[in-house]
Structures are given as structure tokens and as C-alpha cells.
$ cat structure_16.csv   # CSV, N, CA, C and O atoms
chain,number,residue,atom,x,y,z
A,1,MET,N,-3.8,-23.9,8.1
A,1,MET,CA,-2.4,-24.1,8.3
A,1,MET,C,-1.5,-23.5,7.2
A,1,MET,O,-0.6,-22.8,7.5
A,2,LEU,N,-1.9,-23.8,6.0
A,2,LEU,CA,-1.1,-23.2,4.8
A,2,LEU,C,-1.2,-21.7,4.8
A,2,LEU,O,-0.2,-21.0,4.5
A,3,GLU,N,-2.4,-21.2,5.1
A,3,GLU,CA,-2.5,-19.7,5.1
A,3,GLU,C,-1.6,-19.1,6.2
A,3,GLU,O,-0.9,-18.0,5.9
A,4,GLN,N,-1.5,-19.7,7.3
A,4,GLN,CA,-0.6,-19.1,8.3
A,4,GLN,C,0.9,-19.2,7.9
A,4,GLN,O,1.7,-18.4,8.1
A,5,ARG,N,1.2,-20.3,7.2
A,5,ARG,CA,2.5,-20.5,6.7
A,5,ARG,C,2.9,-19.4,5.6
A,5,ARG,O,4.0,-18.9,5.6
A,6,THR,N,1.9,-19.2,4.7
A,6,THR,CA,2.2,-18.1,3.7
A,6,THR,C,2.4,-16.8,4.3
A,6,THR,O,3.2,-16.0,3.9
A,7,ASP,N,1.6,-16.5,5.4
A,7,ASP,CA,1.7,-15.2,6.1
A,7,ASP,C,3.1,-15.1,6.7
A,7,ASP,O,3.8,-14.0,6.6
A,8,LYS,N,3.6,-16.2,7.2
A,8,LYS,CA,4.9,-16.2,7.8
A,8,LYS,C,6.0,-16.0,6.8
A,8,LYS,O,7.0,-15.3,6.9
A,9,LEU,N,5.9,-16.7,5.7
A,9,LEU,CA,6.9,-16.6,4.6
A,9,LEU,C,6.9,-15.2,4.0
A,9,LEU,O,8.0,-14.7,3.7
A,10,ILE,N,5.8,-14.6,3.8
A,10,ILE,CA,5.7,-13.2,3.3
A,10,ILE,C,6.4,-12.3,4.3
A,10,ILE,O,7.2,-11.4,3.9
A,11,ARG,N,6.1,-12.5,5.5
A,11,ARG,CA,6.7,-11.6,6.6
A,11,ARG,C,8.2,-11.7,6.6
A,11,ARG,O,8.9,-10.8,6.8
A,12,GLN,N,8.7,-12.9,6.4
A,12,GLN,CA,10.1,-13.2,6.5
A,12,GLN,C,10.9,-12.9,5.2
A,12,GLN,O,12.1,-12.9,5.2
A,13,SER,N,10.2,-12.6,4.1
A,13,SER,CA,10.8,-12.4,2.8
A,13,SER,C,11.5,-11.0,2.7
A,13,SER,O,12.2,-10.8,1.8
A,14,VAL,N,11.1,-10.1,3.5
A,14,VAL,CA,11.7,-8.7,3.5
A,14,VAL,C,12.1,-8.3,4.9
A,14,VAL,O,11.6,-8.8,5.9
A,15,ALA,N,12.9,-7.3,4.9
A,15,ALA,CA,13.3,-6.7,6.2
A,15,ALA,C,12.1,-6.1,6.9
A,15,ALA,O,11.1,-5.7,6.3
A,16,ASP,N,12.2,-6.0,8.2
A,16,ASP,CA,11.1,-5.4,9.0
A,16,ASP,C,10.7,-4.0,8.5
A,16,ASP,O,9.5,-3.7,8.4
A,17,SER,N,11.7,-3.2,8.3
A,17,SER,CA,11.5,-1.8,7.8
A,17,SER,C,10.8,-1.8,6.5
A,17,SER,O,9.9,-1.0,6.2
A,18,THR,N,11.1,-2.7,5.6
A,18,THR,CA,10.5,-2.8,4.3
A,18,THR,C,9.0,-3.2,4.4
A,18,THR,O,8.1,-2.7,3.8
A,19,PHE,N,8.8,-4.2,5.3
A,19,PHE,CA,7.5,-4.7,5.5
A,19,PHE,C,6.6,-3.6,6.1
A,19,PHE,O,5.5,-3.4,5.6
A,20,LYS,N,7.1,-2.8,7.0
A,20,LYS,CA,6.4,-1.7,7.6
A,20,LYS,C,6.1,-0.6,6.5
A,20,LYS,O,5.0,-0.1,6.5
A,21,ASN,N,7.0,-0.4,5.7
A,21,ASN,CA,6.8,0.6,4.6
A,21,ASN,C,5.7,0.1,3.6
A,21,ASN,O,4.9,0.9,3.2
A,22,TYR,N,5.8,-1.2,3.3
A,22,TYR,CA,4.7,-1.7,2.4
A,22,TYR,C,3.4,-1.6,3.1
A,22,TYR,O,2.4,-1.2,2.4
A,23,ARG,N,3.3,-1.9,4.3
A,23,ARG,CA,2.0,-1.9,5.1
A,23,ARG,C,1.5,-0.4,5.1
A,23,ARG,O,0.3,-0.2,4.9
A,24,THR,N,2.4,0.5,5.4
A,24,THR,CA,2.0,1.9,5.4
A,24,THR,C,1.5,2.4,4.0
A,24,THR,O,0.4,3.0,4.0
A,25,HIS,N,2.1,2.0,3.0
A,25,HIS,CA,1.6,2.4,1.6
A,25,HIS,C,0.3,1.7,1.3
A,25,HIS,O,-0.6,2.3,0.7
A,26,CYS,N,0.1,0.5,1.7
A,26,CYS,CA,-1.2,-0.2,1.5
A,26,CYS,C,-2.3,0.5,2.2
A,26,CYS,O,-3.4,0.7,1.6
A,27,THR,N,-2.0,0.9,3.5
A,27,THR,CA,-3.0,1.6,4.3
A,27,THR,C,-3.3,2.9,3.7
A,27,THR,O,-4.5,3.4,3.5
A,28,THR,N,-2.3,3.6,3.3
A,28,THR,CA,-2.4,5.0,2.7
A,28,THR,C,-3.1,4.9,1.4
A,28,THR,O,-4.0,5.8,1.1
A,29,TYR,N,-2.8,3.9,0.6
A,29,TYR,CA,-3.5,3.8,-0.7
A,29,TYR,C,-5.0,3.5,-0.5
A,29,TYR,O,-5.9,4.1,-1.2
A,30,ARG,N,-5.3,2.7,0.5
A,30,ARG,CA,-6.7,2.4,0.8
A,30,ARG,C,-7.4,3.6,1.2
A,30,ARG,O,-8.6,3.9,0.7
A,31,LYS,N,-6.8,4.4,2.0
A,31,LYS,CA,-7.4,5.7,2.5
A,31,LYS,C,-7.6,6.6,1.3
A,31,LYS,O,-8.6,7.3,1.2
A,32,PHE,N,-6.6,6.7,0.4
A,32,PHE,CA,-6.7,7.5,-0.8
A,32,PHE,C,-7.9,7.1,-1.7
A,32,PHE,O,-8.7,7.9,-2.1
A,33,THR,N,-8.1,5.8,-1.9
A,33,THR,CA,-9.2,5.3,-2.7
A,33,THR,C,-10.5,5.6,-2.1
A,33,THR,O,-11.5,5.9,-2.8
A,34,GLU,N,-10.6,5.5,-0.8
A,34,GLU,CA,-11.8,5.8,-0.1
A,34,GLU,C,-12.2,7.3,-0.2
A,34,GLU,O,-13.3,7.7,-0.5
A,35,LEU,N,-11.1,8.1,0.0
A,35,LEU,CA,-11.3,9.6,-0.1
A,35,LEU,C,-11.8,10.0,-1.5
A,35,LEU,O,-12.6,10.9,-1.7
A,36,THR,N,-11.2,9.4,-2.5
A,36,THR,CA,-11.5,9.8,-3.9
A,36,THR,C,-12.6,9.0,-4.5
A,36,THR,O,-13.0,9.3,-5.7
A,37,LYS,N,-13.1,8.0,-3.8
A,37,LYS,CA,-14.1,7.1,-4.3
A,37,LYS,C,-13.7,6.3,-5.5
A,37,LYS,O,-14.5,5.8,-6.3
A,38,PHE,N,-12.4,6.1,-5.6
A,38,PHE,CA,-11.8,5.2,-6.7
A,38,PHE,C,-12.0,3.8,-6.3
A,38,PHE,O,-11.8,3.4,-5.1
A,39,VAL,N,-12.2,2.9,-7.3
A,39,VAL,CA,-12.0,1.5,-7.0
A,39,VAL,C,-10.5,1.2,-7.0
A,39,VAL,O,-9.8,1.6,-8.0
A,40,PRO,N,-10.0,0.6,-6.0
A,40,PRO,CA,-8.6,0.4,-5.9
A,40,PRO,C,-7.9,-0.3,-7.0
A,40,PRO,O,-6.8,0.0,-7.4
A,41,PHE,N,-8.5,-1.4,-7.5
A,41,PHE,CA,-8.0,-2.2,-8.6
A,41,PHE,C,-9.0,-2.4,-9.7
A,41,PHE,O,-10.2,-2.5,-9.4
A,42,PRO,N,-8.5,-2.4,-10.9
A,42,PRO,CA,-7.1,-2.4,-11.4
A,42,PRO,C,-6.5,-1.0,-11.2
A,42,PRO,O,-7.2,0.0,-11.3
A,43,LEU,N,-5.3,-1.0,-10.9
A,43,LEU,CA,-4.5,0.3,-10.8
A,43,LEU,C,-4.2,0.8,-12.2
A,43,LEU,O,-3.7,0.1,-13.0
A,44,THR,N,-4.5,2.1,-12.4
A,44,THR,CA,-4.2,2.7,-13.7
A,44,THR,C,-3.1,3.7,-13.5
A,44,THR,O,-2.8,4.1,-12.4
A,45,VAL,N,-2.5,4.1,-14.6
A,45,VAL,CA,-1.5,5.1,-14.6
A,45,VAL,C,-2.0,6.4,-14.0
A,45,VAL,O,-1.4,7.1,-13.2
A,46,GLN,N,-3.3,6.7,-14.4
A,46,GLN,CA,-3.9,8.0,-13.8
A,46,GLN,C,-4.1,7.9,-12.3
A,46,GLN,O,-3.7,8.8,-11.6
A,47,LYS,N,-4.5,6.8,-11.8
A,47,LYS,CA,-4.7,6.6,-10.3
A,47,LYS,C,-3.3,6.7,-9.7
A,47,LYS,O,-3.2,7.3,-8.6
A,48,LEU,N,-2.3,6.1,-10.3
A,48,LEU,CA,-1.0,6.1,-9.7
A,48,LEU,C,-0.4,7.5,-9.6
A,48,LEU,O,0.1,7.9,-8.6
A,49,LYS,N,-0.6,8.3,-10.7
A,49,LYS,CA,-0.1,9.6,-10.7
A,49,LYS,C,-0.8,10.5,-9.6
A,49,LYS,O,-0.2,11.2,-8.9
A,50,LEU,N,-2.1,10.3,-9.5
A,50,LEU,CA,-2.9,11.0,-8.5
A,50,LEU,C,-2.5,10.6,-7.0
A,50,LEU,O,-2.4,11.4,-6.1
A,51,TYR,N,-2.2,9.3,-6.9
A,51,TYR,CA,-1.8,8.8,-5.6
A,51,TYR,C,-0.4,9.4,-5.2
A,51,TYR,O,-0.2,9.8,-4.1
A,52,VAL,N,0.5,9.5,-6.1
A,52,VAL,CA,1.8,10.1,-5.9
A,52,VAL,C,1.6,11.6,-5.4
A,52,VAL,O,2.3,12.0,-4.5
A,53,ALA,N,0.7,12.3,-6.1
A,53,ALA,CA,0.5,13.7,-5.8
A,53,ALA,C,-0.1,13.7,-4.4
A,53,ALA,O,0.2,14.6,-3.6
A,54,TYR,N,-1.0,12.8,-4.1
A,54,TYR,CA,-1.6,12.7,-2.7
A,54,TYR,C,-0.6,12.5,-1.7
A,54,TYR,O,-0.6,13.1,-0.6
A,55,LEU,N,0.4,11.6,-1.9
A,55,LEU,CA,1.4,11.3,-1.0
A,55,LEU,C,2.2,12.6,-0.7
A,55,LEU,O,2.6,12.9,0.4
A,56,SER,N,2.5,13.4,-1.8
A,56,SER,CA,3.3,14.6,-1.6
A,56,SER,C,2.6,15.6,-0.7
A,56,SER,O,3.2,16.4,0.0
A,57,VAL,N,1.2,15.6,-0.7
A,57,VAL,CA,0.5,16.5,0.2
A,57,VAL,C,0.4,15.9,1.6
A,57,VAL,O,0.7,16.6,2.6
A,58,VAL,N,0.1,14.6,1.7
A,58,VAL,CA,-0.1,14.0,3.0
A,58,VAL,C,1.2,13.8,3.8
A,58,VAL,O,1.3,14.1,5.0
A,59,MET,N,2.2,13.4,3.1
A,59,MET,CA,3.5,13.1,3.7
A,59,MET,C,4.5,14.2,3.6
A,59,MET,O,5.6,14.2,4.1
A,60,GLY,N,4.2,15.3,2.8
A,60,GLY,CA,5.0,16.4,2.7
A,60,GLY,C,6.2,16.3,1.8
A,60,GLY,O,7.0,17.1,1.7
A,61,THR,N,6.3,15.1,1.1
A,61,THR,CA,7.4,14.9,0.2
A,61,THR,C,7.1,13.7,-0.8
A,61,THR,O,6.2,13.0,-0.5
A,62,VAL,N,7.7,13.7,-1.9
A,62,VAL,CA,7.6,12.6,-2.8
A,62,VAL,C,8.9,11.8,-2.5
A,62,VAL,O,10.0,12.2,-2.9
A,63,GLY,N,8.8,10.7,-1.8
A,63,GLY,CA,9.9,9.9,-1.4
A,63,GLY,C,9.7,8.5,-1.5
A,63,GLY,O,8.9,8.0,-2.4
A,64,THR,N,10.2,7.7,-0.6
A,64,THR,CA,10.1,6.3,-0.7
A,64,THR,C,8.8,5.8,-0.4
A,64,THR,O,8.0,6.4,0.3
$ encode --input "structure_16.csv" --output "C-alpha cells"
Amino acid sequence: MLEQRTDKLIRQSVADSTFKNYRTHCTTYRKFTELTKFVPFPLTVQKLKLYVAYLSVVMGTVGT
């Protein structure tokens, strides 16, 4: 019951478009770590820089 409540609260805490953007980045980051064989966490500055570069290739831009 509490877990369902927390899911609902998290979902309602941001706009739908923001939630979808977060979800997209989580999915994309997971794919990036699988491709590179990186352990996702802890996130390091080096992993973050490489992820941003990966985004620029996959999404064609460094944006939001």
C-alpha cells in the first residue's frame, strides 16, 4: 500500500512531460551502461561526460 502511494506521489510531483523526459533518460542511461559495460552507480564525472557524448550521438544533439 505505501509503495503504491509513493509511486503515485512521485508521478504527481512533476509535469507529465518532465516525467516522460526523466523516464527516457533513465532508460537511455541504462542502455548506455549496458553497451559500455559500466556499472551504473556510483555515477562518476567521467561516466557522466561519456554519457553526454553518447546522447549527442544517439539523439543528434546535446540538449535537455
$ closest_residue --input "structure_16.csv" --among "A:Arg5, A:Pro42, A:Ser13, A:Thr28" --to "Leu55 in chain A" --atoms "all atoms listed in the file"
A:Thr28
$ atom_distance --input "structure_16.csv" --atom1 "atom O of Val45 in chain A" --atom2 "atom C of Thr33 in chain A"
14.4 Å
$ select_by_dssp --input "structure_16.csv" --residues "range 10-56 of chain A" --states "alpha helix (DSSP H)" --output "ChimeraX atom specification"
/A:10-12,16-36,45-56
$ atom_distance --input "structure_16.csv" --atom1 "atom N of Val57 in chain A" --atom2 "atom C of Arg11 in chain A"
29.1 Å
$ atom_distance --input "structure_16.csv" --atom1 "CA of Tyr29 in chain A" --atom2 "CA of Gly60 in chain A"
15.6 Å
$ residues_near_point --input "structure_16.csv" --point "(0.6, 12.3, 2.6)" --cutoff "12 Å" --atoms "only C-alpha atoms" --output "ChimeraX atom specification"
/A:24-25,27-29,31-32,50-64
$ write_last_selection --input "structure_16.csv" --atoms "N, CA, C and O atoms" --output "CSV table (one decimal), keeping the file's coordinate frame"
chain,number,residue,atom,x,y,z
A,24,THR,N,2.4,0.5,5.4
A,24,THR,CA,2.0,1.9,5.4
A,24,THR,C,1.5,2.4,4.0
A,24,THR,O,0.4,3.0,4.0
A,25,HIS,N,2.1,2.0,3.0
A,25,HIS,CA,1.6,2.4,1.6
A,25,HIS,C,0.3,1.7,1.3
A,25,HIS,O,-0.6,2.3,0.7
A,27,THR,N,-2.0,0.9,3.5
A,27,THR,CA,-3.0,1.6,4.3
A,27,THR,C,-3.3,2.9,3.7
A,27,THR,O,-4.5,3.4,3.5
A,28,THR,N,-2.3,3.6,3.3
A,28,THR,CA,-2.4,5.0,2.7
A,28,THR,C,-3.1,4.9,1.4
A,28,THR,O,-4.0,5.8,1.1
A,29,TYR,N,-2.8,3.9,0.6
A,29,TYR,CA,-3.5,3.8,-0.7
A,29,TYR,C,-5.0,3.5,-0.5
A,29,TYR,O,-5.9,4.1,-1.2
A,31,LYS,N,-6.8,4.4,2.0
A,31,LYS,CA,-7.4,5.7,2.5
A,31,LYS,C,-7.6,6.6,1.3
A,31,LYS,O,-8.6,7.3,1.2
A,32,PHE,N,-6.6,6.7,0.4
A,32,PHE,CA,-6.7,7.5,-0.8
A,32,PHE,C,-7.9,7.1,-1.7
A,32,PHE,O,-8.7,7.9,-2.1
A,50,LEU,N,-2.1,10.3,-9.5
A,50,LEU,CA,-2.9,11.0,-8.5
A,50,LEU,C,-2.5,10.6,-7.0
A,50,LEU,O,-2.4,11.4,-6.1
A,51,TYR,N,-2.2,9.3,-6.9
A,51,TYR,CA,-1.8,8.8,-5.6
A,51,TYR,C,-0.4,9.4,-5.2
A,51,TYR,O,-0.2,9.8,-4.1
A,52,VAL,N,0.5,9.5,-6.1
A,52,VAL,CA,1.8,10.1,-5.9
A,52,VAL,C,1.6,11.6,-5.4
A,52,VAL,O,2.3,12.0,-4.5
A,53,ALA,N,0.7,12.3,-6.1
A,53,ALA,CA,0.5,13.7,-5.8
A,53,ALA,C,-0.1,13.7,-4.4
A,53,ALA,O,0.2,14.6,-3.6
A,54,TYR,N,-1.0,12.8,-4.1
A,54,TYR,CA,-1.6,12.7,-2.7
A,54,TYR,C,-0.6,12.5,-1.7
A,54,TYR,O,-0.6,13.1,-0.6
A,55,LEU,N,0.4,11.6,-1.9
A,55,LEU,CA,1.4,11.3,-1.0
A,55,LEU,C,2.2,12.6,-0.7
A,55,LEU,O,2.6,12.9,0.4
A,56,SER,N,2.5,13.4,-1.8
A,56,SER,CA,3.3,14.6,-1.6
A,56,SER,C,2.6,15.6,-0.7
A,56,SER,O,3.2,16.4,0.0
A,57,VAL,N,1.2,15.6,-0.7
A,57,VAL,CA,0.5,16.5,0.2
A,57,VAL,C,0.4,15.9,1.6
A,57,VAL,O,0.7,16.6,2.6
A,58,VAL,N,0.1,14.6,1.7
A,58,VAL,CA,-0.1,14.0,3.0
A,58,VAL,C,1.2,13.8,3.8
A,58,VAL,O,1.3,14.1,5.0
A,59,MET,N,2.2,13.4,3.1
A,59,MET,CA,3.5,13.1,3.7
A,59,MET,C,4.5,14.2,3.6
A,59,MET,O,5.6,14.2,4.1
A,60,GLY,N,4.2,15.3,2.8
A,60,GLY,CA,5.0,16.4,2.7
A,60,GLY,C,6.2,16.3,1.8
A,60,GLY,O,7.0,17.1,1.7
A,61,THR,N,6.3,15.1,1.1
A,61,THR,CA,7.4,14.9,0.2
A,61,THR,C,7.1,13.7,-0.8
A,61,THR,O,6.2,13.0,-0.5
A,62,VAL,N,7.7,13.7,-1.9
A,62,VAL,CA,7.6,12.6,-2.8
A,62,VAL,C,8.9,11.8,-2.5
A,62,VAL,O,10.0,12.2,-2.9
A,63,GLY,N,8.8,10.7,-1.8
A,63,GLY,CA,9.9,9.9,-1.4
A,63,GLY,C,9.7,8.5,-1.5
A,63,GLY,O,8.9,8.0,-2.4
A,64,THR,N,10.2,7.7,-0.6
A,64,THR,CA,10.1,6.3,-0.7
A,64,THR,C,8.8,5.8,-0.4
A,64,THR,O,8.0,6.4,0.3
$ build_atoms --input "structure_16.csv" --residues "range 27-38 of chain A" --atoms "all heavy atoms" --output "PDB file, in the frame of the given file"
ATOM      1  N   THR A  27      -2.000   0.900   3.500  1.00  0.00           N
ATOM      2  CA  THR A  27      -3.000   1.600   4.300  1.00  0.00           C
ATOM      3  C   THR A  27      -3.300   2.900   3.700  1.00  0.00           C
ATOM      4  O   THR A  27      -4.500   3.400   3.500  1.00  0.00           O
ATOM      5  CB  THR A  27      -2.547   1.717   5.713  1.00  0.00           C
ATOM      6  OG1 THR A  27      -2.336   0.408   6.247  1.00  0.00           O
ATOM      7  CG2 THR A  27      -3.553   2.457   6.563  1.00  0.00           C
ATOM      8  N   THR A  28      -2.300   3.600   3.300  1.00  0.00           N
ATOM      9  CA  THR A  28      -2.400   5.000   2.700  1.00  0.00           C
ATOM     10  C   THR A  28      -3.100   4.900   1.400  1.00  0.00           C
ATOM     11  O   THR A  28      -4.000   5.800   1.100  1.00  0.00           O
ATOM     12  CB  THR A  28      -1.025   5.661   2.548  1.00  0.00           C
ATOM     13  OG1 THR A  28      -0.346   5.633   3.801  1.00  0.00           O
ATOM     14  CG2 THR A  28      -1.160   7.093   2.077  1.00  0.00           C
ATOM     15  N   TYR A  29      -2.800   3.900   0.600  1.00  0.00           N
ATOM     16  CA  TYR A  29      -3.500   3.800  -0.700  1.00  0.00           C
ATOM     17  C   TYR A  29      -5.000   3.500  -0.500  1.00  0.00           C
ATOM     18  O   TYR A  29      -5.900   4.100  -1.200  1.00  0.00           O
ATOM     19  CB  TYR A  29      -2.863   2.718  -1.590  1.00  0.00           C
ATOM     20  CG  TYR A  29      -3.517   2.566  -2.942  1.00  0.00           C
ATOM     21  CD1 TYR A  29      -3.415   3.570  -3.897  1.00  0.00           C
ATOM     22  CD2 TYR A  29      -4.259   1.439  -3.253  1.00  0.00           C
ATOM     23  CE1 TYR A  29      -4.031   3.445  -5.139  1.00  0.00           C
ATOM     24  CE2 TYR A  29      -4.868   1.303  -4.492  1.00  0.00           C
ATOM     25  CZ  TYR A  29      -4.754   2.310  -5.422  1.00  0.00           C
ATOM     26  OH  TYR A  29      -5.373   2.188  -6.642  1.00  0.00           O
ATOM     27  N   ARG A  30      -5.300   2.700   0.500  1.00  0.00           N
ATOM     28  CA  ARG A  30      -6.700   2.400   0.800  1.00  0.00           C
ATOM     29  C   ARG A  30      -7.400   3.600   1.200  1.00  0.00           C
ATOM     30  O   ARG A  30      -8.600   3.900   0.700  1.00  0.00           O
ATOM     31  CB  ARG A  30      -6.797   1.300   1.862  1.00  0.00           C
ATOM     32  CG  ARG A  30      -8.228   0.902   2.187  1.00  0.00           C
ATOM     33  CD  ARG A  30      -8.303  -0.087   3.327  1.00  0.00           C
ATOM     34  NE  ARG A  30      -7.472   0.225   4.471  1.00  0.00           N
ATOM     35  CZ  ARG A  30      -7.796   1.100   5.424  1.00  0.00           C
ATOM     36  NH1 ARG A  30      -8.930   1.766   5.358  1.00  0.00           N
ATOM     37  NH2 ARG A  30      -6.984   1.310   6.440  1.00  0.00           N
ATOM     38  N   LYS A  31      -6.800   4.400   2.000  1.00  0.00           N
ATOM     39  CA  LYS A  31      -7.400   5.700   2.500  1.00  0.00           C
ATOM     40  C   LYS A  31      -7.600   6.600   1.300  1.00  0.00           C
ATOM     41  O   LYS A  31      -8.600   7.300   1.200  1.00  0.00           O
ATOM     42  CB  LYS A  31      -6.584   6.379   3.542  1.00  0.00           C
ATOM     43  CG  LYS A  31      -6.622   5.668   4.864  1.00  0.00           C
ATOM     44  CD  LYS A  31      -5.726   6.345   5.882  1.00  0.00           C
ATOM     45  CE  LYS A  31      -5.717   5.584   7.193  1.00  0.00           C
ATOM     46  NZ  LYS A  31      -4.789   6.171   8.159  1.00  0.00           N
ATOM     47  N   PHE A  32      -6.600   6.700   0.400  1.00  0.00           N
ATOM     48  CA  PHE A  32      -6.700   7.500  -0.800  1.00  0.00           C
ATOM     49  C   PHE A  32      -7.900   7.100  -1.700  1.00  0.00           C
ATOM     50  O   PHE A  32      -8.700   7.900  -2.100  1.00  0.00           O
ATOM     51  CB  PHE A  32      -5.395   7.401  -1.599  1.00  0.00           C
ATOM     52  CG  PHE A  32      -5.469   7.875  -3.014  1.00  0.00           C
ATOM     53  CD1 PHE A  32      -5.497   9.234  -3.315  1.00  0.00           C
ATOM     54  CD2 PHE A  32      -5.503   6.973  -4.061  1.00  0.00           C
ATOM     55  CE1 PHE A  32      -5.569   9.678  -4.623  1.00  0.00           C
ATOM     56  CE2 PHE A  32      -5.568   7.398  -5.379  1.00  0.00           C
ATOM     57  CZ  PHE A  32      -5.600   8.756  -5.664  1.00  0.00           C
ATOM     58  N   THR A  33      -8.100   5.800  -1.900  1.00  0.00           N
ATOM     59  CA  THR A  33      -9.200   5.300  -2.700  1.00  0.00           C
ATOM     60  C   THR A  33     -10.500   5.600  -2.100  1.00  0.00           C
ATOM     61  O   THR A  33     -11.500   5.900  -2.800  1.00  0.00           O
ATOM     62  CB  THR A  33      -9.019   3.855  -3.122  1.00  0.00           C
ATOM     63  OG1 THR A  33      -8.967   3.042  -1.950  1.00  0.00           O
ATOM     64  CG2 THR A  33      -7.791   3.629  -3.987  1.00  0.00           C
ATOM     65  N   GLU A  34     -10.600   5.500  -0.800  1.00  0.00           N
ATOM     66  CA  GLU A  34     -11.800   5.800  -0.100  1.00  0.00           C
ATOM     67  C   GLU A  34     -12.200   7.300  -0.200  1.00  0.00           C
ATOM     68  O   GLU A  34     -13.300   7.700  -0.500  1.00  0.00           O
ATOM     69  CB  GLU A  34     -11.727   5.424   1.400  1.00  0.00           C
ATOM     70  CG  GLU A  34     -11.737   3.928   1.623  1.00  0.00           C
ATOM     71  CD  GLU A  34     -11.461   3.535   3.070  1.00  0.00           C
ATOM     72  OE1 GLU A  34     -11.260   4.433   3.925  1.00  0.00           O
ATOM     73  OE2 GLU A  34     -11.428   2.323   3.349  1.00  0.00           O
ATOM     74  N   LEU A  35     -11.100   8.100   0.000  1.00  0.00           N
ATOM     75  CA  LEU A  35     -11.300   9.600  -0.100  1.00  0.00           C
ATOM     76  C   LEU A  35     -11.800  10.000  -1.500  1.00  0.00           C
ATOM     77  O   LEU A  35     -12.600  10.900  -1.700  1.00  0.00           O
ATOM     78  CB  LEU A  35     -10.016  10.303   0.236  1.00  0.00           C
ATOM     79  CG  LEU A  35     -10.016  11.817   0.165  1.00  0.00           C
ATOM     80  CD1 LEU A  35     -10.883  12.417   1.263  1.00  0.00           C
ATOM     81  CD2 LEU A  35      -8.593  12.341   0.286  1.00  0.00           C
ATOM     82  N   THR A  36     -11.200   9.400  -2.500  1.00  0.00           N
ATOM     83  CA  THR A  36     -11.500   9.800  -3.900  1.00  0.00           C
ATOM     84  C   THR A  36     -12.600   9.000  -4.500  1.00  0.00           C
ATOM     85  O   THR A  36     -13.000   9.300  -5.700  1.00  0.00           O
ATOM     86  CB  THR A  36     -10.205   9.589  -4.786  1.00  0.00           C
ATOM     87  OG1 THR A  36      -9.807   8.212  -4.714  1.00  0.00           O
ATOM     88  CG2 THR A  36      -9.079  10.509  -4.377  1.00  0.00           C
ATOM     89  N   LYS A  37     -13.100   8.000  -3.800  1.00  0.00           N
ATOM     90  CA  LYS A  37     -14.100   7.100  -4.300  1.00  0.00           C
ATOM     91  C   LYS A  37     -13.700   6.300  -5.500  1.00  0.00           C
ATOM     92  O   LYS A  37     -14.500   5.800  -6.300  1.00  0.00           O
ATOM     93  CB  LYS A  37     -15.420   7.896  -4.637  1.00  0.00           C
ATOM     94  CG  LYS A  37     -15.933   8.794  -3.542  1.00  0.00           C
ATOM     95  CD  LYS A  37     -16.721   8.030  -2.516  1.00  0.00           C
ATOM     96  CE  LYS A  37     -17.479   8.936  -1.594  1.00  0.00           C
ATOM     97  NZ  LYS A  37     -16.865   9.206  -0.342  1.00  0.00           N
ATOM     98  N   PHE A  38     -12.400   6.100  -5.600  1.00  0.00           N
ATOM     99  CA  PHE A  38     -11.800   5.200  -6.700  1.00  0.00           C
ATOM    100  C   PHE A  38     -12.000   3.800  -6.300  1.00  0.00           C
ATOM    101  O   PHE A  38     -11.800   3.400  -5.100  1.00  0.00           O
ATOM    102  CB  PHE A  38     -10.368   5.517  -6.964  1.00  0.00           C
ATOM    103  CG  PHE A  38     -10.075   6.806  -7.667  1.00  0.00           C
ATOM    104  CD1 PHE A  38      -8.883   7.471  -7.427  1.00  0.00           C
ATOM    105  CD2 PHE A  38     -10.959   7.364  -8.573  1.00  0.00           C
ATOM    106  CE1 PHE A  38      -8.580   8.656  -8.076  1.00  0.00           C
ATOM    107  CE2 PHE A  38     -10.673   8.549  -9.219  1.00  0.00           C
ATOM    108  CZ  PHE A  38      -9.484   9.193  -8.970  1.00  0.00           C
TER     109      PHE A  38
END
